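upload-v2.txt (compact mmCIF, C-alpha atoms and all ligand atoms) appears below.
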```txt
# COMPACT_ATOMS: atom_id res chain seq x y z
CA MET A 1 -8.71 49.68 85.57
CA ASN A 2 -11.72 52.00 85.52
CA PHE A 3 -13.83 49.52 87.43
CA HIS A 4 -17.60 49.32 87.45
CA GLY A 5 -20.27 48.33 89.95
CA LYS A 6 -23.77 46.94 89.81
CA ASN A 7 -24.98 50.42 88.86
CA ASN A 8 -22.80 50.76 85.76
CA PHE A 9 -25.86 51.09 83.50
CA LYS A 10 -26.82 54.25 85.41
CA MET A 11 -23.63 55.77 86.87
CA GLY A 12 -20.93 54.56 84.48
CA PRO A 13 -17.49 53.38 85.64
CA ILE A 14 -15.45 55.09 88.40
CA GLY A 15 -13.77 57.26 85.75
CA ASP A 16 -17.07 59.03 85.09
CA HIS A 17 -16.84 60.40 88.67
CA VAL A 18 -13.22 61.51 88.57
CA LEU A 19 -12.97 65.30 88.35
CA GLU A 20 -9.22 65.63 88.22
CA PHE A 21 -6.03 63.74 89.01
CA ASP A 22 -2.26 64.18 89.28
CA LEU A 23 -0.23 61.69 87.29
CA PHE A 24 3.42 61.18 88.15
CA THR A 25 4.93 60.12 84.85
CA PRO A 26 8.15 58.15 84.20
CA ASP A 27 9.65 61.19 82.43
CA GLY A 28 9.65 62.82 85.89
CA LYS A 29 6.71 65.23 85.54
CA LEU A 30 3.60 65.69 87.66
CA LEU A 31 0.74 66.25 85.24
CA THR A 32 -2.63 67.55 86.42
CA CYS A 33 -5.38 66.20 84.17
CA SER A 34 -9.11 66.80 83.87
CA ARG A 35 -11.71 66.86 81.11
CA ASN A 36 -10.47 70.36 80.22
CA SER A 37 -6.74 70.11 80.81
CA SER A 38 -4.54 67.41 79.23
CA SER A 39 -7.81 65.68 78.41
CA ASP A 40 -6.09 63.19 76.10
CA VAL A 41 -4.13 61.85 79.08
CA PHE A 42 -7.24 62.05 81.30
CA PHE A 43 -9.20 59.70 79.03
CA ALA A 44 -6.25 57.37 78.43
CA ALA A 45 -4.76 57.04 81.95
CA ILE A 46 -8.14 56.09 83.43
CA GLY A 47 -8.43 52.51 82.23
CA GLY A 48 -4.77 52.69 81.16
CA PHE A 49 -3.78 49.76 83.46
CA GLY A 50 -0.99 51.77 85.08
CA MET A 51 0.99 52.14 81.87
CA LEU A 52 1.09 55.93 81.60
CA GLY A 53 2.12 56.88 85.14
CA CYS A 54 1.15 56.72 88.78
CA PHE A 55 -1.92 58.52 90.12
CA THR A 56 -0.76 60.42 93.19
CA ARG A 57 -3.99 62.40 93.77
CA ILE A 58 -7.50 61.76 92.53
CA ALA A 59 -10.45 64.12 93.07
CA ILE A 60 -13.74 62.22 92.90
CA GLN A 61 -17.28 63.56 92.92
CA MET A 62 -19.05 61.70 95.73
CA LYS A 63 -22.76 61.15 96.22
CA ARG A 64 -24.64 61.48 99.51
CA VAL A 65 -26.64 58.46 100.65
CA GLU A 66 -29.25 58.97 103.34
CA SER A 67 -29.28 55.45 104.75
CA GLY A 68 -26.81 52.61 105.20
CA LEU A 69 -29.46 50.22 103.92
CA LEU A 70 -30.69 49.28 100.48
CA GLU A 71 -34.09 47.83 99.66
CA VAL A 72 -33.35 44.67 97.68
CA TYR A 73 -35.93 42.84 95.58
CA ALA A 74 -35.21 39.28 94.35
CA LEU A 75 -36.73 37.80 91.21
CA ALA A 76 -36.12 34.38 89.60
CA THR A 77 -35.79 34.27 85.81
CA SER A 78 -36.21 31.06 83.81
CA SER A 79 -33.93 31.90 80.86
CA LEU A 80 -31.37 34.37 79.54
CA GLY A 81 -34.01 36.06 77.41
CA GLU A 82 -36.24 36.60 80.43
CA MET A 83 -33.33 37.96 82.46
CA ILE A 84 -32.51 40.51 79.75
CA ARG A 85 -36.16 41.54 79.39
CA GLU A 86 -36.41 42.08 83.16
CA PHE A 87 -33.18 44.12 83.21
CA GLU A 88 -34.46 46.33 80.39
CA ALA A 89 -37.79 46.86 82.16
CA ARG A 90 -36.13 47.71 85.51
CA MET A 91 -33.13 49.79 84.40
CA GLU A 92 -34.82 53.16 84.53
CA LYS A 93 -36.02 52.89 88.13
CA ALA A 94 -33.40 50.65 89.76
CA ASP A 95 -30.33 52.04 91.50
CA TYR A 96 -28.51 48.70 91.24
CA LEU A 97 -29.15 45.56 89.20
CA VAL A 98 -27.26 42.30 89.19
CA GLY A 99 -28.05 38.83 87.91
CA TRP A 100 -26.83 35.42 88.98
CA ILE A 101 -26.86 32.59 86.42
CA ASP A 102 -26.95 28.84 87.04
CA CYS A 103 -24.37 27.86 84.42
CA PHE A 104 -25.14 24.13 84.86
CA ALA A 105 -28.67 24.50 83.48
CA ARG A 106 -29.01 23.65 79.80
CA GLY A 107 -31.61 23.15 77.07
CA THR A 108 -34.76 25.18 77.71
CA LYS A 109 -33.37 26.18 81.13
CA LEU A 110 -30.14 27.63 79.71
CA GLY A 111 -29.29 30.86 81.47
CA ARG A 112 -31.86 30.56 84.24
CA GLY A 113 -31.05 32.58 87.32
CA GLN A 114 -32.01 35.34 89.67
CA ILE A 115 -32.00 39.14 89.57
CA HIS A 116 -31.39 41.40 92.54
CA GLU A 117 -32.67 44.95 92.15
CA ALA A 118 -31.68 47.46 94.82
CA HIS A 119 -32.92 50.94 95.69
CA TYR A 120 -31.53 53.60 98.01
CA LEU A 121 -33.60 54.43 101.08
CA HIS A 122 -34.51 57.97 102.02
CA SER A 123 -33.68 58.84 105.62
CA ALA A 124 -37.41 58.92 106.45
CA ASP A 125 -37.70 55.25 105.40
CA ASP A 126 -34.86 54.15 107.69
CA PRO A 127 -35.78 54.12 111.40
CA ASP A 128 -32.18 54.86 112.39
CA PRO A 129 -30.02 56.16 109.52
CA GLN A 130 -27.35 57.44 111.94
CA GLN A 131 -26.79 53.84 113.00
CA THR A 132 -27.10 52.08 109.64
CA LEU A 133 -24.58 54.49 108.13
CA ARG A 134 -21.93 53.62 110.73
CA ILE A 135 -19.01 51.67 109.31
CA GLU A 136 -19.47 48.74 111.73
CA ASN A 137 -22.97 48.23 110.34
CA GLN A 138 -21.56 47.90 106.83
CA GLU A 139 -19.26 45.08 107.82
CA LEU A 140 -20.39 41.52 107.18
CA PRO A 141 -21.32 39.34 110.20
CA ASP A 142 -18.67 36.93 111.58
CA THR A 143 -21.02 33.95 111.73
CA ILE A 144 -23.55 32.29 109.48
CA PHE A 145 -26.94 31.55 111.10
CA GLY A 146 -25.45 33.16 114.22
CA VAL A 147 -23.31 30.09 115.05
CA ILE A 148 -21.02 28.83 112.27
CA PRO A 149 -17.86 30.98 112.15
CA LYS A 150 -17.61 32.26 108.62
CA SER A 151 -13.85 31.80 108.58
CA ILE A 152 -14.34 28.00 108.36
CA VAL A 153 -17.12 27.98 105.76
CA TRP A 154 -14.78 27.53 102.80
CA ARG A 155 -13.44 24.38 104.50
CA LEU A 156 -16.98 23.03 104.80
CA MET A 157 -17.39 23.65 101.06
CA GLY A 158 -14.43 21.35 100.31
CA PRO A 159 -16.58 18.26 99.65
CA ILE A 160 -18.74 20.14 97.13
CA SER A 161 -15.88 21.90 95.31
CA ASN A 162 -16.31 19.71 92.25
CA ASN A 163 -18.66 19.54 89.27
CA ILE A 164 -21.26 17.37 91.01
CA GLY A 165 -21.29 19.45 94.18
CA MET A 166 -21.43 22.75 92.31
CA ARG A 167 -24.21 21.48 90.03
CA LEU A 168 -26.16 20.64 93.18
CA LEU A 169 -25.39 23.99 94.81
CA ASN A 170 -26.46 25.93 91.70
CA TRP A 171 -29.63 23.82 91.43
CA ALA A 172 -30.43 24.39 95.12
CA LYS A 173 -29.84 28.13 94.82
CA TYR A 174 -32.07 28.38 91.76
CA THR A 175 -34.80 26.23 93.32
CA ALA A 176 -34.76 28.35 96.49
CA SER A 177 -34.78 31.59 94.50
CA ALA A 178 -37.69 30.41 92.30
CA THR A 179 -39.79 29.32 95.31
CA ILE A 180 -39.33 30.66 98.84
CA GLY A 181 -37.06 33.54 97.77
CA ASN A 182 -38.99 34.69 94.72
CA ARG A 183 -40.40 38.22 94.56
CA LYS A 184 -39.25 38.96 98.10
CA THR A 185 -37.93 42.28 99.36
CA VAL A 186 -35.32 42.55 102.11
CA ARG A 187 -33.19 45.35 103.51
CA GLN A 188 -29.46 44.87 103.29
CA SER A 189 -26.40 46.99 104.07
CA HIS A 190 -24.53 48.52 101.11
CA GLY A 191 -21.53 46.36 102.10
CA GLY A 192 -23.61 43.18 102.23
CA PHE A 193 -25.21 43.86 98.85
CA ALA A 194 -22.02 44.92 97.05
CA PHE A 195 -19.74 42.21 98.46
CA LEU A 196 -22.06 39.21 98.51
CA LEU A 197 -19.34 36.61 97.90
CA ASP A 198 -17.43 37.85 100.93
CA TYR A 199 -20.10 36.32 103.16
CA VAL A 200 -17.75 33.36 102.71
CA PRO A 201 -14.30 34.76 103.60
CA ASN A 202 -11.55 33.23 101.51
CA TRP A 203 -14.17 31.80 99.13
CA LYS A 204 -11.37 31.63 96.56
CA PHE A 205 -9.83 28.75 98.53
CA VAL A 206 -12.72 26.64 97.26
CA TYR A 207 -10.78 26.58 93.99
CA ARG A 208 -7.63 25.14 95.57
CA PRO A 209 -5.15 23.87 94.52
CA HIS A 210 -5.09 25.19 90.94
CA GLY A 211 -7.29 28.28 91.21
CA PHE A 212 -9.74 29.58 88.67
CA ILE A 213 -10.07 32.14 85.92
CA GLN A 214 -12.81 34.67 85.64
CA TYR A 215 -13.84 35.10 82.03
CA GLN A 216 -15.86 38.30 81.53
CA SER A 217 -17.01 39.68 78.21
CA PHE A 218 -19.10 42.77 77.40
CA ILE A 219 -21.65 42.53 74.59
CA PRO A 220 -23.92 45.13 72.92
CA ALA A 221 -27.51 44.67 74.17
CA GLU A 222 -28.90 43.52 70.83
CA ASN A 223 -26.40 40.62 70.61
CA ALA A 224 -26.18 39.71 74.29
CA GLU A 225 -28.70 36.87 74.48
CA ARG A 226 -27.33 35.12 71.40
CA CYS A 227 -23.70 35.57 72.45
CA PHE A 228 -24.07 34.40 76.05
CA ALA A 229 -26.26 31.45 75.02
CA ALA A 230 -23.53 30.45 72.54
CA GLN A 231 -20.84 30.80 75.24
CA LEU A 232 -22.73 28.66 77.76
CA THR A 233 -23.52 26.07 75.09
CA GLU A 234 -19.84 25.93 74.14
CA CYS A 235 -18.91 25.38 77.82
CA HIS A 236 -21.39 22.48 77.99
CA ARG A 237 -20.16 21.04 74.72
CA CYS A 238 -16.63 20.65 76.05
CA GLY A 239 -17.68 19.77 79.61
CA ILE A 240 -16.05 22.77 81.34
CA ILE A 241 -18.84 24.37 83.33
CA PRO A 242 -18.38 27.68 85.19
CA TYR A 243 -19.21 27.38 88.89
CA LEU A 244 -20.57 30.93 89.02
CA GLY A 245 -22.08 33.30 86.46
CA VAL A 246 -22.70 37.00 87.19
CA PHE A 247 -24.67 39.22 84.83
CA LYS A 248 -24.54 43.04 84.69
CA ARG A 249 -25.88 45.91 82.57
CA HIS A 250 -23.42 48.53 81.31
CA ARG A 251 -23.32 51.77 79.37
CA LYS A 252 -20.82 53.33 77.01
CA ASP A 253 -18.13 55.68 78.27
CA GLY A 254 -15.52 57.93 76.68
CA PHE A 255 -12.29 56.27 77.89
CA LEU A 256 -9.71 55.23 75.31
CA MET A 257 -9.09 51.63 76.39
CA THR A 258 -12.60 51.05 77.66
CA HIS A 259 -14.47 47.80 78.27
CA GLY A 260 -17.79 49.71 78.35
CA VAL A 261 -20.62 48.88 75.95
CA ASP A 262 -24.30 49.74 75.83
CA GLY A 263 -25.13 46.19 76.76
CA TYR A 264 -24.38 43.35 79.13
CA SER A 265 -21.49 41.47 80.67
CA LEU A 266 -21.37 37.90 81.85
CA ALA A 267 -18.55 36.98 84.26
CA LEU A 268 -17.89 33.24 84.39
CA ASP A 269 -15.79 31.74 87.22
CA ILE A 270 -14.17 28.63 85.75
CA PRO A 271 -12.12 26.26 87.94
CA ILE A 272 -8.70 25.16 86.71
CA THR A 273 -7.69 21.55 87.10
CA ASN A 274 -4.68 19.63 85.84
CA ARG A 275 -6.91 17.91 83.29
CA ASN A 276 -8.78 20.95 81.95
CA ARG A 277 -5.86 23.38 81.73
CA GLU A 278 -5.26 22.93 77.99
CA PRO A 279 -8.93 22.39 76.99
CA LEU A 280 -9.77 25.53 79.00
CA ARG A 281 -7.21 27.53 77.06
CA SER A 282 -8.74 26.51 73.74
CA LEU A 283 -12.28 26.99 75.14
CA THR A 284 -11.47 30.62 76.00
CA GLN A 285 -10.15 31.15 72.49
CA ARG A 286 -13.47 29.93 71.07
CA LEU A 287 -15.34 32.14 73.54
CA ASN A 288 -13.19 35.09 72.42
CA ARG A 289 -14.22 34.43 68.82
CA ILE A 290 -17.91 34.47 69.80
CA VAL A 291 -17.36 37.81 71.58
CA LEU A 292 -15.61 39.40 68.60
CA ASP A 293 -18.35 38.15 66.24
CA SER A 294 -20.89 39.81 68.56
CA GLY A 295 -19.11 43.19 68.54
CA GLY A 296 -18.07 42.69 72.18
CA ARG A 297 -15.24 43.89 74.38
CA PHE A 298 -13.04 42.61 77.21
CA TYR A 299 -11.84 43.98 80.55
CA PHE A 300 -8.12 44.08 81.43
CA ALA A 301 -8.85 43.68 85.16
CA LYS A 302 -10.30 40.24 84.47
CA ASP A 303 -8.21 39.16 81.54
CA SER A 304 -5.85 36.23 81.41
CA THR A 305 -6.71 34.81 77.99
CA LEU A 306 -6.46 37.55 75.35
CA ASP A 307 -3.73 37.72 72.75
CA ALA A 308 -2.47 40.79 70.90
CA GLU A 309 -4.61 40.11 67.84
CA THR A 310 -7.85 39.79 69.85
CA ALA A 311 -7.06 42.98 71.78
CA ARG A 312 -6.45 44.82 68.52
CA SER A 313 -9.71 43.50 67.06
CA TYR A 314 -11.93 44.91 69.78
CA LEU A 315 -9.98 48.07 70.69
CA GLY A 316 -9.35 49.09 67.08
CA ASP A 317 -6.20 50.45 65.48
CA ALA A 318 -7.01 54.10 66.21
CA ALA A 319 -7.28 53.60 70.00
CA ILE A 320 -4.11 51.53 70.18
CA THR A 321 -2.13 54.00 68.04
CA GLU A 322 -3.22 56.89 70.27
CA PHE A 323 -2.38 54.94 73.45
CA LYS A 324 1.07 54.11 72.09
CA ARG A 325 1.63 57.75 71.17
CA LEU A 326 0.89 58.86 74.74
CA LYS A 327 3.01 56.03 76.10
CA ARG A 328 6.01 57.23 74.05
CA VAL A 329 5.55 60.81 75.27
CA LEU A 330 5.04 60.02 78.97
CA ASP A 331 7.20 56.92 79.30
CA PRO A 332 9.86 57.20 76.57
CA ASP A 333 12.04 54.46 78.09
CA ASN A 334 9.10 52.09 78.49
CA LEU A 335 9.71 51.83 82.20
CA LEU A 336 6.17 50.77 83.09
CA GLN A 337 5.36 47.27 81.90
CA THR A 338 3.39 44.29 83.19
CA ASP A 339 2.83 40.73 82.03
CA LEU A 340 -0.51 41.93 80.67
CA SER A 341 1.00 44.84 78.73
CA GLN A 342 3.68 42.61 77.24
CA ARG A 343 1.17 39.92 76.26
CA LEU A 344 -1.18 42.39 74.57
CA PHE A 345 1.04 45.22 73.38
CA GLY A 346 4.62 43.91 73.36
CA ASP A 347 7.08 46.76 73.79
CA PHE A 348 4.48 49.35 72.83
C1 LIG A 401 -13.19 39.01 93.61
C2 LIG A 401 -13.08 40.13 92.64
C3 LIG A 401 -14.22 40.75 92.18
C4 LIG A 401 -14.15 41.79 91.29
N1 LIG A 401 -15.29 42.39 90.88
C5 LIG A 401 -15.23 43.45 90.06
C6 LIG A 401 -16.40 44.15 89.65
O1 LIG A 401 -17.51 43.80 90.05
N2 LIG A 401 -16.26 45.21 88.83
C7 LIG A 401 -15.04 45.61 88.40
O2 LIG A 401 -14.98 46.58 87.66
N3 LIG A 401 -13.91 44.97 88.74
C8 LIG A 401 -13.99 43.91 89.56
N4 LIG A 401 -12.85 43.28 89.93
C9 LIG A 401 -11.57 43.75 89.39
C10 LIG A 401 -10.97 44.82 90.29
O3 LIG A 401 -11.85 45.89 90.43
C11 LIG A 401 -9.73 45.30 89.63
O4 LIG A 401 -8.84 44.24 89.57
C12 LIG A 401 -9.08 46.47 90.37
O5 LIG A 401 -8.28 47.16 89.49
C13 LIG A 401 -8.29 46.02 91.56
O6 LIG A 401 -7.56 47.13 92.09
P1 LIG A 401 -6.26 46.91 92.94
O7 LIG A 401 -5.78 48.27 93.32
O8 LIG A 401 -6.53 45.93 94.00
O9 LIG A 401 -5.31 46.19 91.89
P2 LIG A 401 -3.88 46.47 91.32
O10 LIG A 401 -3.53 45.21 90.62
O11 LIG A 401 -2.94 47.02 92.35
O12 LIG A 401 -4.09 47.61 90.25
C14 LIG A 401 -4.87 47.41 89.13
C15 LIG A 401 -4.24 48.17 87.97
O13 LIG A 401 -4.12 49.55 88.29
C16 LIG A 401 -2.78 49.97 88.15
N5 LIG A 401 -2.51 50.86 89.29
C17 LIG A 401 -2.52 50.56 90.62
N6 LIG A 401 -2.23 51.65 91.35
C18 LIG A 401 -2.02 52.67 90.48
C19 LIG A 401 -1.70 54.05 90.61
N7 LIG A 401 -1.50 54.65 91.79
N8 LIG A 401 -1.57 54.80 89.48
C20 LIG A 401 -1.76 54.24 88.25
N9 LIG A 401 -2.08 52.96 88.07
C21 LIG A 401 -2.21 52.17 89.16
C22 LIG A 401 -1.92 48.72 88.18
O14 LIG A 401 -0.78 48.86 87.36
C23 LIG A 401 -2.84 47.68 87.60
O15 LIG A 401 -2.75 47.64 86.20
C24 LIG A 401 -12.89 42.24 90.84
C25 LIG A 401 -11.72 41.61 91.30
C26 LIG A 401 -11.81 40.58 92.19
C27 LIG A 401 -10.54 39.93 92.70
```
Starting from the coordinates I provided, produce the structure as structure tokens.
Amino acid sequence: MNFHGKNNFKMGPIGDHVLEFDLFTPDGKLLTCSRNSSSDVFFAAIGGFGMLGCFTRIAIQMKRVESGLLEVYALATSSLGEMIREFEARMEKADYLVGWIDCFARGTKLGRGQIHEAHYLHSADDPDPQQTLRIENQELPDTIFGVIPKSIVWRLMGPISNNIGMRLLNWAKYTASATIGNRKTVRQSHGGFAFLLDYVPNWKFVYRPHGFIQYQSFIPAENAERCFAAQLTECHRCGIIPYLGVFKRHRKDGFLMTHGVDGYSLALDIPITNRNREPLRSLTQRLNRIVLDSGGRFYFAKDSTLDAETARSYLGDAAITEFKRLKRVLDPDNLLQTDLSQRLFGDF
């Protein structure tokens, strides 16, 4: 899937750190690929959603960190435009940047939210790096406020797992981040910073019984504010409001089926109900149109709404033709298929 983190703007996706891999292909061969050897397969299999073969060995260039802690600075932003301006101003120095958006806010408050900017610590800045680097200090605590077992928190959220409750929760989070939490710096473990939602284990159960979709689109920087404002406005217009919005900065990469852009992504967690199932389907089609009109891209790992035509529009004929060529060479009997591949590419 060639996944990305909150440092995508600086480090690129995981594929940018892969030196070499072995791919076991359906035609029975073990192919060693790198940027210099079988490079066409290298750039297509990474991000190739498992369609070209099975990675059996991956060599990755790692990076040494000197402390298990990050220094995390929180900043409230009153609009989408302000969030983008703050990202642009902080990108050069920050090691990680991520934004949260209150999707219930509208009008002049549309896109308000909070940025978290994180920096690595040098060992001299950490009183006990040997300790903070230990795996047990990267795991999230079992209780909230030292008493409430985290395993039951999703049950406590039951009464607010609806539009009114989530509006209130988003409002409370924004109000806290714009007042007591604003412009504050804390130290947090890498695990705590990277896996924030997992502070509530089984948070996905909040979306019971019908689940949710995550709708994430990637938009060139110059079109991002306009596109995401249009998406949020469209959600409000049809009364389907995402419960969570997460904002990230990205950069371009060289992979064939990439979701990478020099710009931004907004991931919207949208609950599914019996009543909104059909309206949600047509909402995502309108959101897709806005993305295509903005020169944007999509991400297979998060996709459940694209059709073949939309995939072709953003990937382009040349990329799809090349992917299909490799598919025919490596998997002549079309052994590897998924629901996603059939929906977007048929029988290749
Ligand atoms: C809560 C949540 C948050 C997420 N946040 C992010 C995020 O911040 N950034 C991001 O980039 N993604 C994010 N994702 C998406 C996630 O990174 C991808 O779904 C990822 O691919 C999951 O890997 P997996 O091995 O669990 O999935 P799998 O479904 O097992 O694999 C994913 C794909 O890789 C293929 N594959 C698996 N193993 C192999 C192999 N050995 N060789 C070749 N192909 C293989 C599969 O065919 C499939 O297409 C998130 C997902 C969730 C559920």
Residue with smallest distance to ligand LIG 401 (chain A) - pool A:Gly12, A:Pro26, A:Gly239, A:Gly50, counting all atoms listed in the file: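 Selected residue with least distance to ligand LIG 401 (chain A): A:Gly50.
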Give me, as a list in words, all polymer residues having an atom no more than 7 Å from stretch 143-157 of chain A, counting only C-alpha atoms and skipping those fewer than 5 positions away in the same chain. Val200, Pro201, Asn202, Trp203, Phe205 and Val206 of chain A
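Among the candidates A:Ile320, A:Ile84, A:Leu268, A:Ala311, the one nearest to ligand LIG 401 (chain A) when counting only C-alpha atoms and all ligand atoms is A:Leu268.
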Give me the residues within 8 Å of stretch 242-244 of chain A as a list in words, counting all atoms listed in the file and dropping any in the same chain fewer than 6 places off.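 My reading of the contact set: Trp100, Ile101, Asp102, Cys103, Phe104, Asn163, Met166, Arg167, Asn170, Cys235, Ala267, Leu268, Asp269, Ile270 and Pro271 of chain A.
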To one decimal place in Å, what is the distance between atom CA of A:Glu222 and atom CA of A:His250?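 Result for atom CA of A:Glu222 versus atom CA of A:His250: 12.8 Å, one decimal.
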Is it possible to get the residues within 10 Å of (2.8, 42.6, 70.3) (coordinates as in the file, counting all atoms listed in the file) written as a PyMOL selection string? chain A and resi 307-309+311-312+341-348
Contacts of stretch 44-47 of chain A at 9 Å (all atoms listed in the file; same-chain gap of 5+ positions) as a ChimeraX atom specification: /A:1-3,14-15,23,39,52-53,55,255-259,300,322-323,326
Out of A:Lys204, A:His190, A:Arg112, A:Arg286, which residue has the shortest atom-to-atom distance to ligand LIG 401 (chain A) when counting all atoms listed in the file?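 Residue with the minimum atom-to-atom distance to ligand LIG 401 (chain A): A:Lys204.
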Return as lines of an AutoDock Vina configuration file the box centre and box size in Å, one decimal, for an axis-aligned box around all listed atoms of stretch 125-135 of chain A padded by 4 Å per side.
```
center_x = -28.4
center_y = 54.6
center_z = 109.2
size_x = 26.7
size_y = 13.8
size_z = 15.6
```
Nearby residues (only C-alpha atoms) at most 8 Å from A:Leu292, same-chain spacing under 6 positions excluded, as a list in words: Thr310, Ser313 and Tyr314 of chain A
Closest of A:Pro129, A:Gly165, A:Gly48, A:Gly28 to ligand LIG 401 (chain A) - atom-to-atom distances counting only C-alpha atoms and all ligand atoms: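 Among A:Pro129, A:Gly165, A:Gly48, A:Gly28, it is A:Gly48 that comes nearest to ligand LIG 401 (chain A).
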Can you work out which one of A:Thr25, A:Ser37, A:Thr305, A:Thr108 has the shortest atom-to-atom distance to A:Gln214, counting only C-alpha atoms?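 Distance minimum relative to A:Gln214 lands on A:Thr305.
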Figure out the distance between atom CA of A:Ser217 and atom CA of A:Lys93, please, to one decimal in Å.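 Straight-line distance from atom CA of A:Lys93 to atom CA of A:Ser217 works out to 25.2 Å.
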My list of candidates is A:Tyr199, A:Phe24, A:Tyr73, A:Tyr207. Which is closest to ligand LIG 401 (chain A) when distances are computed with only C-alpha atoms and all ligand atoms? A:Phe24
Would you pick out the contacts of A:Glu234 at 12 Å or less, using all atoms listed in the file, so that residues sharing its chain but fewer than 2 positions from it are not included, and give the list as a list in words?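 Using all atoms listed in the file, the neighbours found are Cys103, Arg106, Leu110, Cys227, Phe228, Ala229, Ala230, Gln231, Leu232, His236, Arg237, Cys238, Gly239, Ile240, Ile241, Pro242, Pro279, Leu280, Ser282, Leu283, Thr284, Gln285, Arg286, Leu287, Asn288, Arg289 and Ile290 of chain A.
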Taking the structure in the block just given, could you write stretch 2-20 of chain A with N, CA and C atoms, as an mmCIF file, in the first residue's frame?
```cif
data_model
loop_
_atom_site.group_PDB
_atom_site.id
_atom_site.type_symbol
_atom_site.label_atom_id
_atom_site.label_comp_id
_atom_site.auth_asym_id
_atom_site.auth_seq_id
_atom_site.Cartn_x
_atom_site.Cartn_y
_atom_site.Cartn_z
ATOM 1 N N ASN A 2 2.146 1.081 0.294
ATOM 2 C CA ASN A 2 3.067 2.223 0.309
ATOM 3 C C ASN A 2 2.564 3.310 1.254
ATOM 4 N N PHE A 3 2.390 2.919 2.505
ATOM 5 C CA PHE A 3 1.746 3.818 3.466
ATOM 6 C C PHE A 3 2.656 4.981 3.871
ATOM 7 N N HIS A 4 2.015 5.962 4.453
ATOM 8 C CA HIS A 4 2.701 7.205 4.841
ATOM 9 C C HIS A 4 2.414 7.494 6.316
ATOM 10 N N GLY A 5 3.276 8.314 6.905
ATOM 11 C CA GLY A 5 3.053 8.756 8.279
ATOM 12 C C GLY A 5 2.854 10.253 8.345
ATOM 13 N N LYS A 6 2.983 10.774 9.556
ATOM 14 C CA LYS A 6 2.778 12.214 9.763
ATOM 15 C C LYS A 6 4.021 13.003 9.374
ATOM 16 N N ASN A 7 5.009 12.289 8.826
ATOM 17 C CA ASN A 7 6.215 12.966 8.320
ATOM 18 C C ASN A 7 6.344 12.784 6.812
ATOM 19 N N ASN A 8 5.223 12.514 6.147
ATOM 20 C CA ASN A 8 5.283 12.231 4.705
ATOM 21 C C ASN A 8 5.865 13.398 3.916
ATOM 22 N N PHE A 9 5.589 14.623 4.360
ATOM 23 C CA PHE A 9 6.087 15.809 3.645
ATOM 24 C C PHE A 9 7.617 15.850 3.633
ATOM 25 N N LYS A 10 8.237 15.172 4.620
ATOM 26 C CA LYS A 10 9.692 15.238 4.749
ATOM 27 C C LYS A 10 10.357 13.932 4.317
ATOM 28 N N MET A 11 9.776 12.795 4.708
ATOM 29 C CA MET A 11 10.425 11.498 4.512
ATOM 30 C C MET A 11 9.819 10.676 3.379
ATOM 31 N N GLY A 12 8.672 11.116 2.855
ATOM 32 C CA GLY A 12 8.030 10.322 1.810
ATOM 33 C C GLY A 12 7.355 9.092 2.397
ATOM 34 N N PRO A 13 6.784 8.241 1.528
ATOM 35 C CA PRO A 13 6.117 7.022 2.001
ATOM 36 C C PRO A 13 7.152 5.947 2.325
ATOM 37 N N ILE A 14 6.704 4.812 2.856
ATOM 38 C CA ILE A 14 7.624 3.735 3.262
ATOM 39 C C ILE A 14 8.486 3.288 2.075
ATOM 40 N N GLY A 15 7.898 3.331 0.878
ATOM 41 C CA GLY A 15 8.645 2.878 -0.315
ATOM 42 C C GLY A 15 9.927 3.662 -0.536
ATOM 43 N N ASP A 16 9.958 4.922 -0.109
ATOM 44 C CA ASP A 16 11.167 5.726 -0.284
ATOM 45 C C ASP A 16 12.310 5.223 0.595
ATOM 46 N N HIS A 17 12.021 4.300 1.526
ATOM 47 C CA HIS A 17 13.050 3.783 2.431
ATOM 48 C C HIS A 17 13.374 2.322 2.164
ATOM 49 N N VAL A 18 12.709 1.763 1.150
ATOM 50 C CA VAL A 18 12.988 0.375 0.776
ATOM 51 C C VAL A 18 14.202 0.356 -0.154
ATOM 52 N N LEU A 19 15.198 -0.440 0.211
ATOM 53 C CA LEU A 19 16.408 -0.527 -0.611
ATOM 54 C C LEU A 19 16.267 -1.620 -1.671
ATOM 55 N N GLU A 20 15.623 -2.706 -1.244
ATOM 56 C CA GLU A 20 15.564 -3.881 -2.118
ATOM 57 C C GLU A 20 14.495 -4.831 -1.585
#
```
